[in-house]
file target24.txt (compact mmCIF, C-alpha atoms and all ligand atoms)
# COMPACT_ATOMS: atom_id res chain seq x y z
CA MET E 64 0.12 -4.95 25.70
CA LYS E 65 -1.80 -6.96 23.16
CA VAL E 66 -2.29 -5.77 19.60
CA LEU E 67 -4.64 -6.86 16.82
CA VAL E 68 -3.66 -6.52 13.14
CA VAL E 69 -6.58 -6.62 10.68
CA GLY E 70 -5.92 -8.19 7.26
CA SER E 71 -4.29 -11.23 5.67
CA GLY E 72 -1.56 -10.08 3.29
CA GLY E 73 2.19 -9.51 3.27
CA ARG E 74 1.65 -6.00 4.63
CA GLU E 75 -0.16 -7.39 7.66
CA HIS E 76 2.54 -10.03 8.22
CA ALA E 77 5.15 -7.23 8.19
CA LEU E 78 3.07 -5.08 10.60
CA ALA E 79 2.58 -8.00 13.01
CA TRP E 80 6.29 -8.93 12.77
CA LYS E 81 7.40 -5.36 13.52
CA LEU E 82 4.94 -4.82 16.36
CA LYS E 83 6.05 -8.10 17.95
CA GLN E 84 9.60 -6.64 18.19
CA SER E 85 8.37 -4.02 20.66
CA PRO E 86 9.32 -4.97 24.24
CA LYS E 87 5.90 -3.64 25.30
CA VAL E 88 3.99 -6.12 23.12
CA SER E 89 3.06 -9.30 24.94
CA GLY E 90 0.75 -10.76 22.30
CA VAL E 91 -0.18 -10.26 18.66
CA PHE E 92 -3.50 -11.31 17.12
CA ILE E 93 -4.13 -11.23 13.38
CA ALA E 94 -7.57 -11.40 11.75
CA PRO E 95 -7.75 -13.41 9.59
CA GLY E 96 -3.97 -13.64 8.92
CA ASN E 97 -2.11 -16.27 6.89
CA ALA E 98 0.37 -19.11 7.47
CA GLY E 99 3.14 -16.56 8.11
CA THR E 100 1.29 -14.49 10.72
CA ASP E 101 0.49 -17.77 12.45
CA THR E 102 4.18 -17.93 13.47
CA VAL E 103 4.12 -14.35 14.86
CA GLY E 104 0.96 -14.56 16.94
CA THR E 105 -2.55 -15.95 17.01
CA ASN E 106 -4.71 -15.94 13.88
CA LEU E 107 -8.39 -15.28 14.49
CA PRO E 108 -10.85 -16.63 11.89
CA ILE E 109 -12.61 -13.28 11.37
CA ALA E 110 -12.90 -11.55 7.98
CA ALA E 111 -11.15 -8.15 7.73
CA THR E 112 -14.50 -6.54 6.87
CA ASP E 113 -16.53 -8.10 9.71
CA VAL E 114 -16.32 -4.98 11.87
CA PRO E 115 -18.68 -6.04 14.71
CA ALA E 116 -16.87 -9.40 15.13
CA LEU E 117 -13.47 -7.62 15.11
CA ALA E 118 -14.64 -5.20 17.80
CA ALA E 119 -15.96 -8.09 19.90
CA ALA E 120 -12.58 -9.85 19.57
CA ALA E 121 -10.75 -6.65 20.58
CA GLN E 122 -12.85 -6.57 23.74
CA GLN E 123 -12.59 -10.28 24.43
CA TYR E 124 -8.79 -10.37 24.12
CA ARG E 125 -8.25 -6.99 25.87
CA ILE E 126 -6.49 -5.50 22.85
CA SER E 127 -4.68 -2.21 23.58
CA LEU E 128 -4.32 -1.24 19.91
CA THR E 129 -5.93 -2.44 16.68
CA VAL E 130 -4.04 -1.71 13.45
CA VAL E 131 -6.06 -1.83 10.24
CA GLY E 132 -4.18 -3.03 7.14
CA PRO E 133 -6.52 -2.94 4.11
CA GLU E 134 -8.66 -0.11 2.75
CA ALA E 135 -12.02 -1.91 2.67
CA PRO E 136 -12.66 -1.95 6.45
CA LEU E 137 -11.41 1.66 6.71
CA ALA E 138 -13.83 2.78 3.99
CA ALA E 139 -16.56 0.81 5.76
CA GLY E 140 -15.97 2.81 8.97
CA ILE E 141 -14.10 0.38 11.24
CA VAL E 142 -12.30 3.28 12.98
CA ASP E 143 -15.55 5.14 13.76
CA HIS E 144 -17.05 1.89 15.08
CA PHE E 145 -14.06 1.11 17.33
CA GLU E 146 -13.76 4.69 18.60
CA GLY E 147 -17.48 4.69 19.37
CA MET E 148 -16.85 1.71 21.65
CA GLY E 149 -13.75 3.30 23.24
CA LEU E 150 -11.37 0.83 21.54
CA PRO E 151 -7.98 2.32 20.49
CA VAL E 152 -7.48 1.92 16.74
CA PHE E 153 -4.84 3.05 14.23
CA GLY E 154 -6.30 4.34 10.96
CA PRO E 155 -8.43 7.13 9.49
CA SER E 156 -12.18 7.54 9.97
CA LYS E 157 -14.67 6.63 7.26
CA ALA E 158 -14.95 10.28 6.20
CA ALA E 159 -11.16 10.72 6.04
CA SER E 160 -10.80 7.44 4.11
CA GLN E 161 -12.49 9.11 1.16
CA LEU E 162 -9.01 10.26 0.18
CA GLU E 163 -8.69 6.73 -1.21
CA SER E 164 -12.27 5.52 -1.55
CA SER E 165 -13.22 8.40 -3.88
CA LYS E 166 -10.77 9.66 -6.49
CA ALA E 167 -13.12 12.57 -7.21
CA PHE E 168 -13.00 13.58 -3.51
CA ALA E 169 -9.19 13.41 -3.48
CA LYS E 170 -8.91 15.35 -6.74
CA SER E 171 -11.28 18.07 -5.60
CA LEU E 172 -9.41 18.47 -2.30
CA MET E 173 -6.05 18.69 -4.07
CA ARG E 174 -7.37 21.23 -6.55
CA ARG E 175 -8.92 23.43 -3.85
CA TYR E 176 -5.84 23.39 -1.62
CA GLY E 177 -3.22 23.80 -4.35
CA ILE E 178 -1.67 20.34 -3.98
CA PRO E 179 0.18 19.46 -7.20
CA CYS E 180 -1.51 16.68 -9.19
CA ALA E 181 -2.46 15.84 -12.78
CA LEU E 182 -5.01 18.15 -14.40
CA GLY E 183 -8.36 16.50 -14.84
CA ALA E 184 -12.09 16.45 -14.23
CA SER E 185 -14.64 14.07 -12.72
CA PHE E 186 -17.89 12.95 -14.35
CA ASP E 187 -20.93 10.96 -13.41
CA CYS E 188 -22.57 11.45 -16.82
CA HIS E 189 -21.26 9.16 -19.57
CA ALA E 190 -22.07 11.58 -22.43
CA ALA E 191 -20.22 14.46 -20.73
CA ALA E 192 -17.24 12.19 -20.04
CA MET E 193 -17.16 11.16 -23.72
CA ASP E 194 -17.28 14.80 -24.84
CA PHE E 195 -14.38 15.61 -22.50
CA VAL E 196 -12.27 12.74 -23.86
CA LYS E 197 -12.95 13.91 -27.42
CA SER E 198 -11.89 17.46 -26.54
CA GLN E 199 -8.54 16.44 -25.00
CA PRO E 200 -5.31 15.21 -26.57
CA ALA E 201 -4.35 11.55 -25.94
CA PRO E 202 -2.82 9.92 -23.93
CA LEU E 203 -5.36 10.19 -21.11
CA VAL E 204 -5.81 8.38 -17.82
CA ILE E 205 -9.28 7.09 -16.91
CA LYS E 206 -9.88 6.32 -13.23
CA ALA E 207 -12.93 4.66 -11.72
CA ASP E 208 -13.90 6.64 -8.64
CA GLY E 209 -14.30 3.91 -6.03
CA LEU E 210 -12.20 1.11 -4.58
CA ALA E 211 -11.32 -1.33 -7.36
CA ALA E 212 -8.43 -3.43 -6.00
CA GLY E 213 -5.94 -1.96 -8.46
CA LYS E 214 -8.17 -2.48 -11.53
CA GLY E 215 -9.64 1.01 -11.65
CA VAL E 216 -6.99 2.87 -13.66
CA VAL E 217 -6.57 2.73 -17.46
CA VAL E 218 -3.67 4.60 -19.00
CA ALA E 219 -5.15 5.11 -22.48
CA GLY E 220 -2.70 5.73 -25.31
CA THR E 221 -5.50 6.63 -27.71
CA LYS E 222 -8.96 8.22 -27.47
CA GLU E 223 -10.48 4.89 -28.58
CA VAL E 224 -8.99 3.11 -25.58
CA ALA E 225 -10.16 5.95 -23.31
CA LEU E 226 -13.72 5.75 -24.70
CA GLN E 227 -13.70 1.97 -24.26
CA ALA E 228 -12.68 2.42 -20.60
CA LEU E 229 -15.56 4.89 -20.08
CA ASP E 230 -17.94 2.37 -21.62
CA ASP E 231 -16.58 -0.43 -19.41
CA PHE E 232 -16.69 1.56 -16.17
CA MET E 233 -19.81 3.72 -16.62
CA VAL E 234 -22.12 1.71 -18.89
CA ARG E 235 -21.18 -1.94 -18.58
CA ARG E 236 -20.22 -1.38 -14.92
CA THR E 237 -17.37 -3.91 -15.03
CA LEU E 238 -16.27 -2.66 -11.58
CA GLY E 239 -19.80 -2.27 -10.23
CA GLU E 240 -20.56 0.92 -8.29
CA ALA E 241 -16.86 1.90 -8.28
CA GLY E 242 -17.24 2.99 -11.92
CA LYS E 243 -20.35 5.15 -11.49
CA THR E 244 -18.15 8.24 -11.42
CA VAL E 245 -14.87 8.55 -13.32
CA THR E 246 -11.96 10.95 -13.18
CA ILE E 247 -10.21 11.75 -16.46
CA GLU E 248 -6.65 13.04 -16.14
CA GLU E 249 -3.75 14.19 -18.25
CA CYS E 250 -1.10 11.50 -18.53
CA LEU E 251 2.01 12.39 -16.53
CA ASP E 252 5.46 11.15 -17.38
CA GLY E 253 8.30 10.46 -14.95
CA ARG E 254 9.59 8.15 -12.27
CA GLU E 255 7.24 6.89 -9.60
CA VAL E 256 7.87 6.71 -5.88
CA SER E 257 5.72 5.97 -2.83
CA LEU E 258 6.14 8.18 0.20
CA LEU E 259 4.15 7.20 3.27
CA ALA E 260 3.62 9.45 6.27
CA ILE E 261 2.36 8.83 9.77
CA THR E 262 0.14 11.56 11.15
CA ASP E 263 -2.00 12.24 14.21
CA GLY E 264 -3.91 14.91 12.29
CA THR E 265 -1.42 17.69 13.09
CA THR E 266 2.16 16.38 13.10
CA VAL E 267 3.24 14.69 9.86
CA LEU E 268 6.25 12.33 9.90
CA ALA E 269 7.45 11.12 6.51
CA MET E 270 8.56 7.51 6.40
CA ALA E 271 11.35 6.15 4.19
CA PRO E 272 10.52 6.28 0.46
CA ALA E 273 10.07 3.09 -1.58
CA CYS E 274 9.39 2.01 -5.14
CA ASP E 275 7.13 -0.79 -6.23
CA TYR E 276 6.79 -2.69 -9.50
CA LYS E 277 3.21 -2.96 -10.72
CA ARG E 278 3.60 -4.89 -13.99
CA ALA E 279 3.68 -8.69 -13.95
CA TYR E 280 6.80 -9.26 -16.07
CA ASP E 281 10.36 -7.97 -16.38
CA CYS E 282 11.04 -4.58 -18.00
CA ASP E 283 7.55 -3.42 -16.96
CA GLN E 284 5.79 -5.67 -19.46
CA GLY E 285 2.49 -7.49 -19.03
CA PRO E 286 -0.63 -6.76 -17.03
CA ASN E 287 -0.88 -4.66 -13.87
CA THR E 288 -0.74 -6.52 -10.58
CA GLY E 289 -1.03 -5.70 -6.89
CA GLY E 290 2.78 -5.28 -6.93
CA MET E 291 5.58 -7.71 -7.85
CA GLY E 292 8.36 -6.34 -5.66
CA SER E 293 9.76 -3.23 -4.04
CA TYR E 294 12.85 -1.62 -2.60
CA SER E 295 13.80 1.16 -0.23
CA PRO E 296 15.32 3.65 -0.48
CA PRO E 297 15.47 4.73 -4.14
CA ASP E 298 18.67 6.80 -4.62
CA PHE E 299 17.03 9.08 -7.16
CA PHE E 300 14.65 10.37 -4.46
CA THR E 301 16.74 12.67 -2.28
CA ALA E 302 16.28 14.03 1.23
CA GLY E 303 15.42 17.33 -0.52
CA ASN E 304 12.65 15.56 -2.45
CA ILE E 305 11.23 14.16 0.79
CA GLU E 306 11.19 17.64 2.33
CA GLU E 307 9.56 19.08 -0.80
CA VAL E 308 6.79 16.47 -0.64
CA ARG E 309 6.31 17.01 3.07
CA GLN E 310 5.88 20.75 2.60
CA ALA E 311 3.96 20.84 -0.68
CA ILE E 312 1.85 17.69 -0.45
CA LEU E 313 1.69 15.85 2.89
CA GLU E 314 1.35 18.80 5.30
CA PRO E 315 -1.18 20.67 3.11
CA ALA E 316 -3.26 17.51 2.64
CA ILE E 317 -3.43 16.84 6.40
CA GLN E 318 -4.19 20.50 7.08
CA ALA E 319 -6.89 20.45 4.40
CA MET E 320 -8.56 17.44 6.00
CA ARG E 321 -8.57 19.28 9.33
CA PHE E 322 -10.12 22.37 7.72
CA GLU E 323 -12.74 20.19 6.05
CA GLY E 324 -13.77 18.81 9.44
CA MET E 325 -12.44 15.30 8.90
CA PRO E 326 -9.13 15.17 10.77
CA TYR E 327 -6.85 12.48 9.40
CA LYS E 328 -5.10 9.99 11.67
CA GLY E 329 -3.04 6.97 10.63
CA VAL E 330 -0.83 6.47 7.64
CA LEU E 331 -1.22 8.49 4.46
CA TYR E 332 0.34 6.97 1.36
CA ALA E 333 1.22 9.38 -1.44
CA GLY E 334 1.80 7.77 -4.83
CA LEU E 335 4.01 10.33 -6.57
CA MET E 336 5.44 11.03 -10.00
CA LEU E 337 8.61 13.07 -10.47
CA THR E 338 7.72 15.07 -13.59
CA VAL E 339 9.73 17.77 -15.35
CA ASP E 340 7.29 20.24 -13.76
CA GLY E 341 7.92 18.99 -10.22
CA ILE E 342 6.58 16.22 -8.01
CA LYS E 343 2.88 15.47 -8.45
CA VAL E 344 0.39 13.20 -6.70
CA LEU E 345 -0.92 10.20 -8.67
CA GLU E 346 -3.04 8.89 -5.83
CA PHE E 347 -3.53 8.90 -2.10
CA ASN E 348 -4.06 5.68 -0.18
CA VAL E 349 -5.24 5.70 3.41
CA ARG E 350 -3.18 2.71 4.54
CA PHE E 351 0.24 1.13 4.33
CA GLY E 352 1.29 0.12 0.80
CA ASP E 353 1.73 -3.50 -0.20
CA PRO E 354 4.52 -4.54 -0.98
CA GLU E 355 6.20 -1.27 0.12
CA THR E 356 5.56 -1.94 3.82
CA GLN E 357 7.57 -5.15 3.60
CA VAL E 358 10.72 -3.18 2.64
CA ILE E 359 10.05 -0.04 4.72
CA LEU E 360 9.34 -1.54 8.15
CA PRO E 361 12.54 -3.64 8.32
CA ARG E 362 14.44 -0.32 8.04
CA LEU E 363 12.50 1.36 10.88
CA GLU E 364 14.56 1.55 14.08
CA THR E 365 11.94 3.32 16.21
CA ASP E 366 9.49 1.17 18.16
CA LEU E 367 6.43 0.92 15.88
CA LEU E 368 4.05 0.45 18.82
CA ASP E 369 5.23 3.75 20.35
CA VAL E 370 4.70 5.50 17.01
CA MET E 371 1.21 4.10 16.60
CA LEU E 372 0.13 4.80 20.17
CA ALA E 373 1.38 8.40 19.83
CA THR E 374 -0.67 8.67 16.62
CA VAL E 375 -3.82 7.54 18.38
CA GLU E 376 -3.15 9.78 21.40
CA GLY E 377 -2.27 12.86 19.31
CA SER E 378 1.29 13.18 20.64
CA LEU E 379 3.29 12.45 17.51
CA ASP E 380 5.17 15.75 17.97
CA ARG E 381 7.22 13.91 20.61
CA VAL E 382 8.24 11.11 18.23
CA ASP E 383 11.18 10.94 15.87
CA LEU E 384 11.39 8.20 13.23
CA LYS E 385 14.87 6.66 12.94
CA TRP E 386 15.84 4.66 9.89
CA SER E 387 18.57 2.14 9.20
CA ARG E 388 21.01 3.26 6.50
CA ASP E 389 20.76 -0.22 5.04
CA SER E 390 18.72 -0.88 1.93
CA CYS E 391 15.93 -3.43 1.70
CA VAL E 392 14.73 -5.37 -1.36
CA GLY E 393 11.60 -7.54 -1.58
CA VAL E 394 10.60 -9.85 -4.43
CA VAL E 395 7.08 -11.27 -4.76
CA LEU E 396 6.70 -14.96 -5.56
CA ALA E 397 3.41 -15.30 -7.44
CA SER E 398 1.17 -18.18 -8.44
CA GLY E 399 1.29 -19.43 -12.04
CA GLY E 400 -1.18 -17.36 -14.09
CA TYR E 401 -1.30 -14.41 -11.64
CA PRO E 402 -2.72 -11.75 -12.08
CA GLY E 403 -5.14 -13.92 -14.07
CA SER E 404 -6.74 -17.09 -12.74
CA HIS E 405 -4.45 -19.39 -10.80
CA LYS E 406 -4.53 -22.57 -8.76
CA THR E 407 -4.40 -22.58 -4.96
CA GLY E 408 -3.72 -25.27 -2.36
CA LEU E 409 -0.29 -26.11 -3.82
CA PRO E 410 2.35 -27.20 -1.29
CA ILE E 411 5.28 -24.81 -0.70
CA SER E 412 8.70 -26.12 0.31
CA GLY E 413 12.13 -24.68 1.05
CA PHE E 414 11.51 -22.18 3.88
CA ASP E 415 14.07 -24.10 5.96
CA LYS E 416 16.76 -23.70 3.28
CA LEU E 417 16.96 -19.90 3.37
CA ASN E 418 20.07 -18.09 4.59
CA ASP E 419 20.06 -16.13 7.83
CA GLY E 420 19.06 -12.55 7.20
CA ILE E 421 16.32 -13.47 4.72
CA THR E 422 12.86 -12.51 5.96
CA VAL E 423 9.80 -13.93 4.24
CA PHE E 424 6.50 -12.12 4.56
CA HIS E 425 3.62 -14.41 3.63
CA ALA E 426 0.65 -13.13 1.62
CA GLY E 427 -1.44 -15.83 -0.08
CA THR E 428 -0.56 -18.80 2.11
CA GLY E 429 -2.57 -21.11 4.30
CA LYS E 430 -2.28 -24.45 6.04
CA GLN E 431 -3.60 -27.83 4.89
CA ASP E 432 -2.97 -30.93 7.01
CA GLY E 433 -0.15 -29.07 8.78
CA ASN E 434 1.60 -28.13 5.51
CA ILE E 435 1.97 -24.61 4.12
CA VAL E 436 0.13 -24.21 0.80
CA THR E 437 -0.65 -21.40 -1.63
CA SER E 438 -3.97 -19.61 -1.16
CA GLY E 439 -3.74 -16.56 -3.41
CA GLY E 440 -2.05 -14.85 -6.36
CA ARG E 441 0.75 -13.11 -4.53
CA VAL E 442 2.07 -15.89 -2.34
CA MET E 443 4.90 -14.22 -0.43
CA VAL E 444 7.54 -11.49 -0.47
CA VAL E 445 11.12 -12.55 0.13
CA THR E 446 13.22 -9.71 1.57
CA ALA E 447 16.78 -8.95 2.64
CA MET E 448 18.63 -5.94 4.01
CA ALA E 449 22.24 -5.03 3.22
CA GLY E 450 24.56 -2.04 3.04
CA SER E 451 23.64 -1.41 -0.60
CA LEU E 452 20.69 -2.16 -2.87
CA ASP E 453 22.94 -4.34 -5.02
CA ASP E 454 23.95 -6.49 -2.06
CA ALA E 455 20.38 -6.73 -0.72
CA ARG E 456 19.18 -7.71 -4.18
CA ALA E 457 21.91 -10.35 -4.59
CA ARG E 458 20.97 -11.89 -1.23
CA VAL E 459 17.29 -12.15 -2.13
CA TYR E 460 17.83 -13.56 -5.63
CA SER E 461 20.37 -16.17 -4.49
CA ASN E 462 17.75 -17.55 -2.08
CA LEU E 463 14.68 -17.53 -4.34
CA PRO E 464 15.42 -20.82 -6.18
CA ARG E 465 15.28 -22.61 -2.81
CA ILE E 466 11.55 -21.95 -2.42
CA ASN E 467 9.34 -24.15 -4.54
CA PHE E 468 5.70 -24.46 -5.45
CA ASP E 469 4.16 -25.54 -8.70
CA GLY E 470 3.92 -22.63 -11.18
CA CYS E 471 5.89 -20.13 -9.03
CA HIS E 472 6.97 -17.04 -10.97
CA TYR E 473 8.72 -13.82 -10.08
CA ARG E 474 10.33 -10.83 -11.73
CA ARG E 475 14.10 -11.00 -12.19
CA ASP E 476 14.64 -7.25 -12.30
CA ILE E 477 13.39 -5.96 -8.93
CA ALA E 478 15.84 -3.24 -7.78
CA ALA E 479 18.15 -4.02 -10.71
CA PRO E 480 20.33 -1.07 -11.77
CA SER E 481 18.41 -1.01 -15.10
CA SER E 482 15.06 -0.64 -13.31
CA ARG E 483 15.84 1.87 -10.61
P1 LIG M 501 -3.32 4.83 -9.09
O1 LIG M 501 -4.15 3.66 -8.62
O2 LIG M 501 -4.05 6.12 -9.18
O3 LIG M 501 -1.96 4.90 -8.42
O4 LIG M 501 -2.87 4.42 -10.53
C1 LIG M 501 -2.19 3.23 -10.79
C2 LIG M 501 -1.03 3.51 -11.71
O5 LIG M 501 -1.52 4.18 -12.88
C3 LIG M 501 0.01 4.46 -11.12
O6 LIG M 501 0.92 3.79 -10.32
C4 LIG M 501 0.61 5.04 -12.37
O7 LIG M 501 1.58 4.15 -12.92
C5 LIG M 501 -0.56 5.12 -13.31
N1 LIG M 501 -1.15 6.47 -13.29
C6 LIG M 501 -2.12 6.95 -12.47
N2 LIG M 501 -2.40 8.23 -12.74
C7 LIG M 501 -1.60 8.59 -13.76
C8 LIG M 501 -1.40 9.81 -14.50
N3 LIG M 501 -2.13 10.90 -14.29
N4 LIG M 501 -0.47 9.80 -15.47
C9 LIG M 501 0.26 8.68 -15.74
N5 LIG M 501 0.13 7.52 -15.09
C10 LIG M 501 -0.78 7.46 -14.11
N1 LIG M 502 1.73 -0.73 -3.74
C1 LIG M 502 0.56 -0.07 -4.08
C2 LIG M 502 -0.50 -0.10 -3.09
O1 LIG M 502 -0.36 -0.59 -1.98
O2 LIG M 502 -1.57 0.43 -3.39
call {"tool": "encode", "arguments": {"input": "target24.txt", "output": "structure tokens", "more": "lines below"}}
Ligand code: AMP
Ligand code: GLY
result
Amino acid sequence: MKVLVVGSGGREHALAWKLKQSPKVSGVFIAPGNAGTDTVGTNLPIAATDVPALAAAAQQYRISLTVVGPEAPLAAGIVDHFEGMGLPVFGPSKAASQLESSKAFAKSLMRRYGIPCALGASFDCHAAAMDFVKSQPAPLVIKADGLAAGKGVVVAGTKEVALQALDDFMVRRTLGEAGKTVTIEECLDGREVSLLAITDGTTVLAMAPACDYKRAYDCDQGPNTGGMGSYSPPDFFTAGNIEEVRQAILEPAIQAMRFEGMPYKGVLYAGLMLTVDGIKVLEFNVRFGDPETQVILPRLETDLLDVMLATVEGSLDRVDLKWSRDSCVGVVLASGGYPGSHKTGLPISGFDKLNDGITVFHAGTGKQDGNIVTSGGRVMVVTAMAGSLDDARARVYSNLPRINFDGCHYRRDIAAPSSR
């Protein structure tokens, strides 16, 4: 069977790499891919949001399953388009993708179906939003409603910062249409964990939990990023916690979507906080997490193609996910200046110097004159598995100095005992 992975990041490299391991997969195509996916299969020069061209490629190359990585094509309705043409595709419909593409939609669903989350309210009127901020104690969290590539959340320590965020999102429209509506929430306190689940709309299978690191610098300092590293599994998140989330959050959310007439198929990502009042949802995403996927999929022992085909066919009740007991750690190598402006096109060396057992998932890489060069802010995730998090972490960090590009920076504390 041939598969097509849509997207160009580390998550998509990991998906393509895992699917390729299936004995049933004879070819992998990635659109548009990066220099890493180029070694797994065939990159197609089609943008991840060019839905008609992707569908034409799926027909041309006789693709048996298309797997959608990023949220933008899902929110644009790629799944509805493919299904309309009879092309098998893994991911939620446009309507179901609102769980990520509208925070107000997700919040309203959680409130109506009793799914634990932060208290809050949504506004499309700036004056009403300002009144609400003034009536609430700080700190508050201000969230732009729409997709904002990780820039749509402000954790405001004071009312002034909260009011400034409202002005930025709603009046100055710094995030465009995404800030037309905002959700204002109480600020929760606790440890964060990502729990992803695969679902065919009825059966819900929790995947292995993972933690990611959103801030740019060590000790959670500096600006927010798309993620600077991750590890799986966190020992503080027990099997009991996973069961609690399955019963109180994942199952009810999938059931709610069915009741609402928008059955949910694909992967549902729950961003969770373990508060003193129990586990609460910070956000839902309608896709695999990045960089969580790069540390979760290496631990999956079940054939990913079988899991995804069963999802599309609605037979996930016959599937069991098996996980390696090993731990996996992934550290992001980022371009100098990231998450701010950064150079691209810089040559990368050292891939050939890595120890066996180190897997690199490319993100912002491309090829120039046959050489691998940087092409984005997050350049790659370097991962290793081992019997313990400490050993996996030691393996990754001992290999990192061997990879070089001008301005490369990374966090030194991913999966460190002090940060987990
Ligand atoms: P989100 O995109 O909703 O996951 O938000 C990004 C980050 O903002 C999360 O990973 C949390 O660290 C933080 N965050 C979101 N909502 C809240 C909340 N209600 N209380 C505290 N922190 C939050
Ligand atoms: N790691 C966070 C995300 O994928 O949204």
call {"tool": "closest_residue", "arguments": {"input": "target24.txt", "among": "E:Lys277, E:Lys170, E:Arg458, E:Arg388", "to": "Thr422 (chain E)", "atoms": "all atoms listed in the file"}}
result
E:Arg458
call {"tool": "closest_residue", "arguments": {"input": "target24.txt", "among": "E:Arg254, E:Arg350, E:Arg235, E:Lys416", "to": "Glu75 (chain E)", "atoms": "all atoms listed in the file"}}
result
E:Arg350
call {"tool": "residues_near_ligand", "arguments": {"input": "target24.txt", "ligand": "ligand LIG 501 (chain M)", "cutoff": "9 Å", "atoms": "all atoms listed in the file", "output": "MDAnalysis selection string"}}
result
chainID E and resid 166 180:183 202:206 211:218 247:256 275:277 287 333:336 343:348
call {"tool": "residues_near_ligand", "arguments": {"input": "target24.txt", "ligand": "ligand LIG 502 (chain M)", "cutoff": "7 Å", "atoms": "only C-alpha atoms and all ligand atoms", "output": "count of residues only"}}
result
9
call {"tool": "closest_residue", "arguments": {"input": "target24.txt", "among": "E:Ala479, E:Met325, E:Ala225, E:Val114", "to": "Ser156 (chain E)", "atoms": "all atoms listed in the file"}}
result
E:Met325
call {"tool": "closest_residue", "arguments": {"input": "target24.txt", "among": "E:Phe195, E:Tyr294, E:Phe168, E:Phe92", "to": "Arg483 (chain E)", "atoms": "only C-alpha atoms"}}
result
E:Tyr294
call {"tool": "closest_atom_pairs", "arguments": {"input": "target24.txt", "of": "region 93-145 of chain E", "to": "region 366-371 of chain E", "cutoff": "10 Å", "atoms": "only C-alpha atoms", "output": "CSV"}}
result
residue,atom,partner,partner_atom,distance
E:Leu128,CA,E:Met371,CA,8.4
E:Thr129,CA,E:Met371,CA,9.7
E:Val130,CA,E:Met371,CA,8.4
call {"tool": "closest_residue", "arguments": {"input": "target24.txt", "among": "E:Ala191, E:Val69, E:Leu210, E:Leu150", "to": "Gln123 (chain E)", "atoms": "all atoms listed in the file"}}
result
E:Leu150
call {"tool": "atom_distance", "arguments": {"input": "target24.txt", "atom1": "CA of Ala201 (chain E)", "atom2": "CA of Ala316 (chain E)"}}
result
29.2 Å
call {"tool": "atom_distance", "arguments": {"input": "target24.txt", "atom1": "CA of Cys274 (chain E)", "atom2": "CA of Pro95 (chain E)"}}
result
27.4 Å
call {"tool": "atom_distance", "arguments": {"input": "target24.txt", "atom1": "CA of Gly399 (chain E)", "atom2": "CA of Asp469 (chain E)"}}
result
7.5 Å
